[in-house]
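File shown here: final_33.txt, holding compact mmCIF, C-alpha atoms and all ligand atoms.
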```txt
# COMPACT_ATOMS: atom_id res chain seq x y z
CA MET A 1 117.53 58.29 41.25
CA ASN A 2 115.90 58.23 44.72
CA ALA A 3 115.11 61.60 46.37
CA SER A 4 112.41 63.69 44.71
CA TYR A 5 113.04 67.40 45.03
CA ALA A 6 110.27 69.99 45.28
CA LEU A 7 110.79 72.35 42.36
CA ALA A 8 109.36 75.65 41.10
CA VAL A 9 109.66 77.17 37.65
CA VAL A 10 110.16 80.93 37.38
CA GLY A 11 109.31 82.80 34.15
CA VAL A 12 106.61 80.80 32.38
CA GLY A 13 107.08 81.65 28.70
CA LYS A 14 108.05 79.89 25.51
CA ILE A 15 110.91 77.71 26.70
CA ALA A 16 109.28 76.85 30.03
CA ARG A 17 106.18 75.55 28.25
CA ASP A 18 107.93 73.94 25.25
CA GLN A 19 110.66 72.12 27.17
CA HIS A 20 110.91 72.58 30.95
CA LEU A 21 107.39 71.56 32.01
CA PRO A 22 107.34 68.33 29.92
CA ALA A 23 110.88 67.40 31.03
CA ILE A 24 110.02 67.96 34.72
CA ALA A 25 106.75 66.00 34.40
CA ALA A 26 108.68 63.04 32.99
CA ASN A 27 111.37 63.08 35.71
CA PRO A 28 110.47 61.28 38.97
CA GLY A 29 113.39 63.07 40.65
CA PHE A 30 111.47 66.36 40.69
CA THR A 31 107.97 67.32 41.78
CA LEU A 32 106.73 70.59 40.36
CA VAL A 33 104.93 72.28 43.26
CA ALA A 34 104.78 75.93 42.17
CA ALA A 35 105.46 78.53 39.50
CA ALA A 36 106.22 82.25 39.56
CA SER A 37 105.44 84.45 36.58
CA ARG A 38 104.02 87.95 36.29
CA ASN A 39 101.26 87.02 33.84
CA ALA A 40 101.27 83.28 33.17
CA GLN A 41 100.16 80.39 35.37
CA VAL A 42 100.89 76.66 35.36
CA GLU A 43 97.92 74.34 35.87
CA SER A 44 97.70 72.09 38.95
CA VAL A 45 100.40 73.88 40.97
CA ARG A 46 100.46 76.92 43.25
CA ASN A 47 101.14 80.13 41.31
CA TYR A 48 102.77 83.42 42.37
CA THR A 49 103.48 86.62 40.45
CA ASP A 50 107.14 86.92 41.45
CA ILE A 51 109.95 84.95 43.03
CA GLY A 52 109.81 86.90 46.30
CA ALA A 53 106.20 85.81 46.90
CA LEU A 54 107.07 82.26 45.85
CA LEU A 55 109.98 81.96 48.29
CA ALA A 56 108.01 83.52 51.13
CA ALA A 57 105.08 81.11 50.68
CA GLU A 58 106.95 77.89 49.89
CA PRO A 59 109.42 77.05 52.66
CA GLY A 60 109.44 73.39 51.60
CA LEU A 61 110.83 74.17 48.18
CA ASP A 62 114.21 72.55 47.36
CA ALA A 63 115.03 74.08 44.00
CA VAL A 64 114.05 76.63 41.37
CA SER A 65 114.50 76.60 37.61
CA LEU A 66 114.88 80.11 36.16
CA CYS A 67 113.41 80.46 32.66
CA ALA A 68 112.89 84.22 32.28
CA PRO A 69 115.11 86.35 29.97
CA PRO A 70 118.74 86.87 31.07
CA GLN A 71 118.36 90.47 32.24
CA VAL A 72 116.47 89.32 35.37
CA ARG A 73 118.44 86.11 35.98
CA TYR A 74 120.84 87.53 38.58
CA ALA A 75 118.22 89.10 40.85
CA GLN A 76 116.08 85.95 40.76
CA ALA A 77 119.03 83.60 41.38
CA LEU A 78 120.33 85.82 44.19
CA ALA A 79 116.97 85.69 45.97
CA ALA A 80 116.73 81.90 45.59
CA LEU A 81 120.30 81.16 46.73
CA ARG A 82 119.99 83.48 49.73
CA ASP A 83 116.87 81.52 50.64
CA GLY A 84 118.82 78.25 50.50
CA LYS A 85 117.46 76.86 47.22
CA HIS A 86 119.34 74.94 44.54
CA VAL A 87 119.22 76.90 41.28
CA MET A 88 119.12 75.94 37.62
CA LEU A 89 119.72 78.75 35.12
CA GLU A 90 118.48 78.77 31.52
CA LYS A 91 121.08 79.88 29.02
CA PRO A 92 122.67 82.38 28.93
CA PRO A 93 123.31 82.12 32.70
CA GLY A 94 123.26 85.89 33.12
CA ALA A 95 123.54 89.24 31.43
CA SER A 96 127.23 89.55 32.36
CA VAL A 97 130.12 87.24 33.23
CA SER A 98 130.72 88.94 36.56
CA GLU A 99 127.19 88.35 37.83
CA VAL A 100 127.40 84.63 37.03
CA GLU A 101 130.71 84.36 38.86
CA ALA A 102 129.19 86.16 41.83
CA LEU A 103 126.31 83.66 41.85
CA ARG A 104 128.75 80.75 41.74
CA ASP A 105 130.55 82.13 44.81
CA LEU A 106 127.26 82.68 46.61
CA ALA A 107 126.07 79.13 45.85
CA ARG A 108 129.32 77.74 47.25
CA ALA A 109 129.01 79.90 50.36
CA HIS A 110 125.48 78.60 50.94
CA GLY A 111 126.36 74.99 50.10
CA ARG A 112 123.79 74.89 47.31
CA THR A 113 123.94 73.63 43.72
CA LEU A 114 124.15 76.15 40.90
CA PHE A 115 123.64 74.66 37.44
CA ALA A 116 124.26 77.01 34.51
CA THR A 117 122.69 75.00 31.69
CA TRP A 118 123.77 74.90 28.06
CA HIS A 119 121.05 72.78 26.47
CA SER A 120 122.79 72.50 23.09
CA ARG A 121 125.66 70.62 24.74
CA TYR A 122 123.18 67.77 25.28
CA ALA A 123 122.38 67.48 21.56
CA SER A 124 123.04 63.92 20.42
CA ALA A 125 125.98 64.74 18.14
CA VAL A 126 128.07 66.62 20.68
CA GLU A 127 129.61 63.82 22.76
CA PRO A 128 130.40 61.55 19.75
CA ALA A 129 131.98 64.57 18.03
CA ARG A 130 133.99 65.45 21.11
CA ALA A 131 135.25 61.86 21.47
CA TRP A 132 136.31 61.69 17.81
CA LEU A 133 138.03 65.09 17.85
CA ALA A 134 139.97 64.34 21.04
CA THR A 135 142.66 62.44 19.09
CA ARG A 136 142.55 64.35 15.78
CA THR A 137 144.70 67.09 14.30
CA ILE A 138 142.36 70.01 13.67
CA ARG A 139 143.08 72.44 10.84
CA ALA A 140 140.09 74.80 10.95
CA VAL A 141 136.64 75.23 12.47
CA HIS A 142 133.75 76.99 10.76
CA VAL A 143 130.46 77.76 12.53
CA ARG A 144 127.33 78.88 10.64
CA TRP A 145 124.38 79.56 12.95
CA LYS A 146 121.69 81.32 10.95
CA GLU A 147 117.92 81.57 11.30
CA ASP A 148 114.99 83.92 10.77
CA VAL A 149 114.52 86.02 13.92
CA ARG A 150 110.91 86.79 12.99
CA ARG A 151 110.13 83.05 12.97
CA TRP A 152 112.03 82.03 16.10
CA HIS A 153 111.61 85.10 18.34
CA PRO A 154 108.25 86.71 17.48
CA GLY A 155 107.39 89.57 19.80
CA GLN A 156 110.47 89.13 22.03
CA GLN A 157 111.51 92.70 22.83
CA TRP A 158 114.14 91.68 25.40
CA ILE A 159 116.50 90.23 22.76
CA TRP A 160 117.04 93.74 21.36
CA GLU A 161 117.76 95.36 24.70
CA PRO A 162 121.11 95.48 26.56
CA GLY A 163 121.77 92.06 28.08
CA GLY A 164 119.45 90.39 25.56
CA LEU A 165 122.42 89.36 23.38
CA GLY A 166 120.68 89.82 20.01
CA VAL A 167 121.90 87.18 17.55
CA PHE A 168 124.16 85.78 20.25
CA ASP A 169 121.03 84.40 21.95
CA PRO A 170 121.10 81.48 19.46
CA GLY A 171 124.80 82.00 18.63
CA ILE A 172 125.81 81.23 22.20
CA ASN A 173 124.34 77.74 21.68
CA ALA A 174 126.95 77.16 18.97
CA LEU A 175 129.66 78.54 21.25
CA SER A 176 128.52 76.21 24.03
CA ILE A 177 129.01 73.27 21.66
CA VAL A 178 132.37 74.53 20.36
CA THR A 179 133.76 75.05 23.88
CA ARG A 180 132.65 71.53 24.85
CA MET A 181 133.60 69.73 21.63
CA LEU A 182 137.05 71.09 20.81
CA PRO A 183 140.02 69.72 22.73
CA ARG A 184 141.61 73.13 23.38
CA GLU A 185 140.43 76.50 24.69
CA VAL A 186 139.14 79.06 22.18
CA LEU A 187 140.02 82.75 22.31
CA LEU A 188 138.41 85.61 20.49
CA ARG A 189 140.65 87.82 18.33
CA GLY A 190 138.16 90.04 16.53
CA ALA A 191 134.50 90.45 15.65
CA THR A 192 132.09 92.47 13.56
CA LEU A 193 128.69 93.19 15.05
CA HIS A 194 125.86 94.32 12.75
CA VAL A 195 123.48 96.35 14.91
CA PRO A 196 120.14 97.66 13.58
CA ALA A 197 119.81 101.43 13.98
CA ASP A 198 116.84 100.99 16.33
CA CYS A 199 118.32 98.17 18.50
CA SER A 200 120.97 97.80 21.21
CA THR A 201 122.06 94.31 20.19
CA PRO A 202 123.34 92.79 16.92
CA ILE A 203 121.20 91.09 14.27
CA ALA A 204 124.32 89.44 12.81
CA ALA A 205 127.92 88.90 13.84
CA GLU A 206 131.16 87.38 12.61
CA LEU A 207 133.69 86.13 15.12
CA ASP A 208 137.33 85.39 14.44
CA CYS A 209 138.79 83.11 17.09
CA ILE A 210 141.76 80.78 17.44
CA ASP A 211 142.36 77.84 19.68
CA THR A 212 145.43 77.78 21.91
CA ASP A 213 147.39 76.05 19.09
CA GLY A 214 146.48 78.88 16.70
CA VAL A 215 143.89 76.88 14.72
CA PRO A 216 141.35 79.31 13.20
CA VAL A 217 137.79 79.13 14.51
CA ARG A 218 135.40 81.35 12.57
CA ALA A 219 131.74 81.85 13.41
CA GLU A 220 128.98 83.49 11.40
CA PHE A 221 125.72 84.27 13.17
CA ASP A 222 122.83 85.78 11.23
CA TRP A 223 119.19 86.40 12.09
CA ARG A 224 118.29 87.58 8.58
CA HIS A 225 118.40 84.06 7.17
CA GLY A 226 115.65 81.81 5.95
CA PRO A 227 113.43 80.06 5.32
CA VAL A 228 115.60 77.04 6.26
CA GLU A 229 117.75 77.36 9.38
CA GLN A 230 121.47 76.69 9.24
CA TRP A 231 122.85 75.42 12.54
CA GLU A 232 126.14 73.89 11.46
CA ILE A 233 129.69 73.41 12.68
CA ASP A 234 132.39 72.06 10.34
CA VAL A 235 135.70 70.87 11.77
CA GLU A 236 138.43 70.20 9.21
CA THR A 237 140.92 67.60 10.40
CA THR A 238 143.78 65.63 8.80
CA ASP A 239 141.41 62.61 8.96
CA GLY A 240 138.59 64.35 7.11
CA LEU A 241 135.70 66.71 7.79
CA LEU A 242 133.50 66.43 10.87
CA ALA A 243 130.16 68.07 10.02
CA LEU A 244 127.67 68.69 12.82
CA SER A 245 124.34 70.04 11.58
CA GLU A 246 120.70 70.63 12.58
CA GLY A 247 121.94 72.10 15.86
CA GLY A 248 123.59 68.80 16.84
CA LYS A 249 120.92 66.33 15.70
CA ARG A 250 123.06 65.17 12.78
CA LEU A 251 126.72 64.19 12.48
CA VAL A 252 128.77 63.16 9.46
CA ILE A 253 132.43 62.21 9.85
CA ALA A 254 134.64 61.87 6.77
CA GLY A 255 131.56 61.45 4.59
CA GLU A 256 129.93 58.78 6.81
CA PRO A 257 126.74 59.58 8.73
CA VAL A 258 127.06 58.66 12.43
CA ALA A 259 124.10 56.90 14.10
CA LEU A 260 122.91 59.08 16.99
CA ALA A 261 120.68 58.61 20.02
CA PRO A 262 117.26 60.38 19.90
CA GLU A 263 117.20 64.06 20.91
CA ARG A 264 116.57 64.59 24.65
CA GLU A 265 118.30 67.84 25.60
CA TYR A 266 115.95 69.00 28.37
CA PRO A 267 115.33 65.57 29.95
CA ALA A 268 119.12 65.26 30.15
CA LEU A 269 119.41 68.72 31.76
CA TYR A 270 117.01 67.75 34.56
CA GLU A 271 118.80 64.42 35.10
CA ARG A 272 122.03 66.37 35.42
CA PHE A 273 120.45 68.90 37.83
CA HIS A 274 119.20 66.04 40.01
CA TRP A 275 122.63 64.39 40.01
CA LEU A 276 124.36 67.67 40.91
CA ILE A 277 122.01 68.30 43.86
CA ALA A 278 122.29 64.71 45.10
CA HIS A 279 126.10 64.92 44.96
CA GLY A 280 126.46 68.42 46.42
CA ALA A 281 128.09 69.53 43.16
CA GLU A 282 127.93 72.54 40.81
CA ASP A 283 128.20 73.02 37.05
CA VAL A 284 128.96 76.60 36.04
CA ASP A 285 130.94 77.08 32.83
CA VAL A 286 131.05 80.73 31.78
CA ARG A 287 133.22 80.20 28.66
CA PRO A 288 130.44 80.59 26.05
CA LEU A 289 129.24 83.80 27.73
CA ARG A 290 132.83 85.06 28.04
CA LEU A 291 133.34 84.67 24.27
CA VAL A 292 130.20 86.74 23.68
CA ALA A 293 131.41 89.34 26.18
CA ASP A 294 134.77 89.42 24.36
CA ALA A 295 132.94 89.97 21.06
CA PHE A 296 131.21 93.00 22.58
CA LEU A 297 134.64 94.14 23.92
CA LEU A 298 136.64 93.67 20.72
CA GLY A 299 133.91 93.87 18.11
CA ARG A 300 133.64 96.55 15.47
CA HIS A 301 130.06 97.84 15.49
CA VAL A 302 128.43 98.42 12.10
CA GLU A 303 125.02 100.09 11.96
CA VAL A 304 122.53 98.36 9.67
CA GLU A 305 118.94 99.11 8.65
CA PRO A 306 116.37 99.41 11.46
CA PHE A 307 114.65 96.17 12.44
CA GLY A 308 111.35 97.84 13.27
CA VAL A 309 110.90 96.78 16.90
P1 LIG B 1 110.00 84.57 26.72
O1 LIG B 1 108.91 83.62 26.41
O2 LIG B 1 110.02 85.91 26.06
O3 LIG B 1 110.12 84.86 28.29
C1 LIG B 1 109.87 83.90 29.27
C2 LIG B 1 108.97 84.51 30.34
O4 LIG B 1 109.75 85.28 31.25
C3 LIG B 1 107.94 85.48 29.82
O5 LIG B 1 106.83 84.84 29.28
C4 LIG B 1 107.63 86.33 31.04
O6 LIG B 1 106.55 85.72 31.76
C5 LIG B 1 108.91 86.26 31.85
N1 LIG B 1 109.58 87.55 31.79
C6 LIG B 1 109.88 88.27 30.68
N2 LIG B 1 110.47 89.44 31.01
C7 LIG B 1 110.53 89.45 32.36
C8 LIG B 1 111.02 90.39 33.29
N3 LIG B 1 111.54 91.56 32.90
N4 LIG B 1 110.93 90.09 34.61
C9 LIG B 1 110.41 88.92 35.01
N5 LIG B 1 109.92 87.99 34.15
C10 LIG B 1 109.99 88.25 32.85
O7 LIG B 1 111.42 83.92 26.43
P2 LIG B 1 111.85 82.41 26.17
O8 LIG B 1 111.94 82.18 24.73
O9 LIG B 1 111.05 81.49 27.01
O10 LIG B 1 113.36 82.51 26.69
C11 LIG B 1 113.68 82.61 28.06
C12 LIG B 1 115.10 82.14 28.24
O11 LIG B 1 115.22 80.80 27.73
C13 LIG B 1 116.13 82.99 27.48
O12 LIG B 1 117.29 83.14 28.23
C14 LIG B 1 116.40 82.16 26.22
O13 LIG B 1 117.71 82.38 25.72
C15 LIG B 1 116.25 80.75 26.77
N6 LIG B 1 115.91 79.76 25.73
C16 LIG B 1 114.89 79.99 24.86
C17 LIG B 1 114.63 79.04 23.86
C18 LIG B 1 113.51 79.20 22.89
O14 LIG B 1 113.39 78.38 21.95
N7 LIG B 1 112.62 80.17 23.03
C19 LIG B 1 115.40 77.89 23.77
C20 LIG B 1 116.39 77.67 24.71
C21 LIG B 1 116.64 78.61 25.68
P3 LIG B 1 105.55 86.68 32.60
O15 LIG B 1 105.15 87.81 31.71
O16 LIG B 1 104.43 85.77 32.98
O17 LIG B 1 106.38 87.14 33.78
```
Give the structure from the file, written as structure tokens.
Ligand code: NAP
Amino acid sequence: MNASYALAVVGVGKIARDQHLPAIAANPGFTLVAAASRNAQVESVRNYTDIGALLAAEPGLDAVSLCAPPQVRYAQALAALRDGKHVMLEKPPGASVSEVEALRDLARAHGRTLFATWHSRYASAVEPARAWLATRTIRAVHVRWKEDVRRWHPGQQWIWEPGGLGVFDPGINALSIVTRMLPREVLLRGATLHVPADCSTPIAAELDCIDTDGVPVRAEFDWRHGPVEQWEIDVETTDGLLALSEGGKRLVIAGEPVALAPEREYPALYERFHWLIAHGAEDVDVRPLRLVADAFLLGRHVEVEPFGV
């Protein structure tokens, strides 16, 4: 790693503070010079209240990392790309598939890197699981991604609004792993979406998918679960069960625990962003978001009790 890129973070909230700022501070390939957020500020850098002011005042900036909720991703990325910046997008990369594809085209036209991140793909279990599954005969896949929304998303109104994805906000992490780990493409055949009477997005969902060989892939997402989270993917194969759990921090294959590297999802994301910029490359995979969009297209909506937002 040689060049150090001048970087700004946009949308200083939970994930920016928990993961992005420490990962950037530990990466000599980036220098955090500024932040843009309507209410929050980052110490020791220049702060602005929106991305327009940031771009106008920081001509030396190389890249921005967008950490606000998905509903504002497109407008922020558009402004940054038009201003010639490299752009890293938190997951989900946008509120619709079409806007992410438009951003990819724009980044190419401007010769800039667009990196649509899927942090769960960098969980330690994912690459060993992918390597093992590459030569196996898969019989069935079962995803259980369940947690207590009141514990993990306190006060987050945007998750219940259109574009906020509801339970697909964590569920899309599982789909990002599935689409990376399985050897064949996955298509959605049907879904049930449980939507609280006072919300626009589901609190729970079941997805029925198949891979292109017809192998069933079923996913259950539920935000009414607790107190212990369930972030698990089971893959039944003719050589035994592959069980990924704890969101990808644990892997058991045919009854044997697999030794895994320590968790470093966000440090790995910034290493990847640096590599992409240095190599004039992009990384934009819309497949997890497309499965969610398909679930909204094909899903049967069932009204459930109000959440009380
Ligand atoms: P958050 O804390 O609710 O929001 C991040 C910040 O974005 C807010 O503090 C707010 O800062 C800014 N913001 C909110 N609404 C905005 C709007 N309409 N226009 C401009 N800025 C706005 O959310 P988060 O948990 O950090 O999640 C942000 C993104 O990261 C989501 O896409 C989420 O899926 C992803 N993510 C979250 C987690 C997690 O554990 N929380 C993990 C991985 C990925 P200001 O009020 O200062 O503008």
Need to verify the contact set: A:Arg218, 12 Å, only C-alpha atoms, exclusion of same-chain residues closer than 2 positions in sequence. Can you return it as JSON, numbers by chain? {"A": [139, 140, 141, 142, 143, 144, 145, 174, 175, 178, 186, 187, 188, 189, 190, 191, 192, 205, 206, 207, 208, 209, 210, 211, 215, 216, 220, 221, 232, 233, 234, 235]}
Within 6 Å of ligand LIG 1 (chain B), counting all atoms listed in the file, residues as a ChimeraX atom specification: /A:11-16,37-40,67-70,72,90-92,156,169
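Taking atom CA of A:Thr237 and atom CA of A:Glu147 as the two end points, the separation is 26.9 Å.
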Work out how far atom CA of A:Asp239 is from atom CA of A:Val252, in Å to one decimal. 12.7 Å
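Closest to A:Leu260 among A:Ala56, A:Ala25, A:Ala6, A:Ala123 is A:Ala123, based on all atoms listed in the file.
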Residues within 8 Å of A:Val284, please, as a PyMOL selection string. Count all atoms listed in the file; anything in the same chain fewer than 5 positions from it doesn't count. chain A and resi 104+114-117
Once you have the residues from the selection above, write them out as a CSV table (one decimal), in the coordinates of the input, restricted to C-alpha atoms.
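Saved as out.csv:
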```
chain,number,residue,atom,x,y,z
A,104,ARG,CA,128.8,80.8,41.7
A,114,LEU,CA,124.2,76.2,40.9
A,115,PHE,CA,123.6,74.7,37.4
A,116,ALA,CA,124.3,77.0,34.5
A,117,THR,CA,122.7,75.0,31.7
```
Quick one: residues within 8 Å of A:Arg264, only C-alpha atoms, excluding same-chain residues fewer than 2 positions away - as a PDB file with C-alpha atoms, in the frame of the given file?
```pdb
ATOM      1  CA  TYR A 122     123.180  67.770  25.280  1.00  0.00           C
ATOM      2  CA  ALA A 123     122.380  67.480  21.560  1.00  0.00           C
ATOM      3  CA  SER A 124     123.040  63.920  20.420  1.00  0.00           C
ATOM      4  CA  PRO A 262     117.260  60.380  19.900  1.00  0.00           C
ATOM      5  CA  TYR A 266     115.950  69.000  28.370  1.00  0.00           C
ATOM      6  CA  PRO A 267     115.330  65.570  29.950  1.00  0.00           C
ATOM      7  CA  ALA A 268     119.120  65.260  30.150  1.00  0.00           C
TER       8      ALA A 268
END
```
Shell around A:Arg150 at 12 Å using all atoms listed in the file, local window under 5 positions removed, as a compact mmCIF listing (two decimals) with C-alpha atoms, keeping the file's coordinate frame:
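That gives us part.txt:
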```
# COMPACT_ATOMS: atom_id res chain seq x y z
CA GLY A 155 107.39 89.57 19.80
CA GLN A 156 110.47 89.13 22.03
CA GLN A 157 111.51 92.70 22.83
CA ILE A 159 116.50 90.23 22.76
CA VAL A 167 121.90 87.18 17.55
CA ILE A 203 121.20 91.09 14.27
CA TRP A 223 119.19 86.40 12.09
CA ARG A 224 118.29 87.58 8.58
CA HIS A 225 118.40 84.06 7.17
CA GLY A 226 115.65 81.81 5.95
CA PRO A 227 113.43 80.06 5.32
CA PHE A 307 114.65 96.17 12.44
CA GLY A 308 111.35 97.84 13.27
CA VAL A 309 110.90 96.78 16.90
```
Atom CA of A:Asn47 to atom CA of A:Val33: how many Å, to one decimal? 8.9 Å
In terms of the shortest atom-to-atom distance over all atoms listed in the file, which of A:Ala107, A:Leu55, A:Leu244, A:Ala129 is closest to A:Met181? A:Ala129
Within 8 Å of A:Arg287 using only C-alpha atoms, minus same-chain residues under 3 positions, as a list of chain:residue names: A:Ser176, A:Thr179, A:Arg290, A:Leu291
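Of the residues under consideration (A:Leu66, A:Ile138, A:Met88, A:Val195), A:Val195 shows the shortest atom-to-atom contact distance to A:Trp160 when counting only C-alpha atoms.
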Give as a list in words each residue that has an atom at most 10 Å from (121.6, 89.2, 22.4) in the file, counting only C-alpha atoms. Pro70, Pro92, Ala95, Trp158, Ile159, Trp160, Glu161, Pro162, Gly163, Gly164, Leu165, Gly166, Val167, Phe168, Asp169, Pro170, Gly171, Ile172, Ser200, Thr201, Pro202, Ile203, Ala204 and Val292 of chain A
Here is a test: counting all atoms listed in the file, which residue of A:Leu106, A:Leu182, A:Ala261, A:Ala57 is nearest to A:Lys249? A:Ala261
Residues within 8 Å of (119.2, 77.7, 45.8), file coords, only C-alpha atoms, listed as a PyMOL selection string: chain A and resi 62-64+77+80-87+107+112-114
Compare A:Ala125, A:Ala281, A:Ala293, A:Leu32 by their minimum atom-to-atom distance to A:Ala259, counting only C-alpha atoms, and give me the closest one. A:Ala125
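With all atoms listed in the file as the basis for measurement, A:Val10 is the residue among A:Gly280, A:Val304, A:Val10, A:Pro93 that approaches A:Ala53 most closely.
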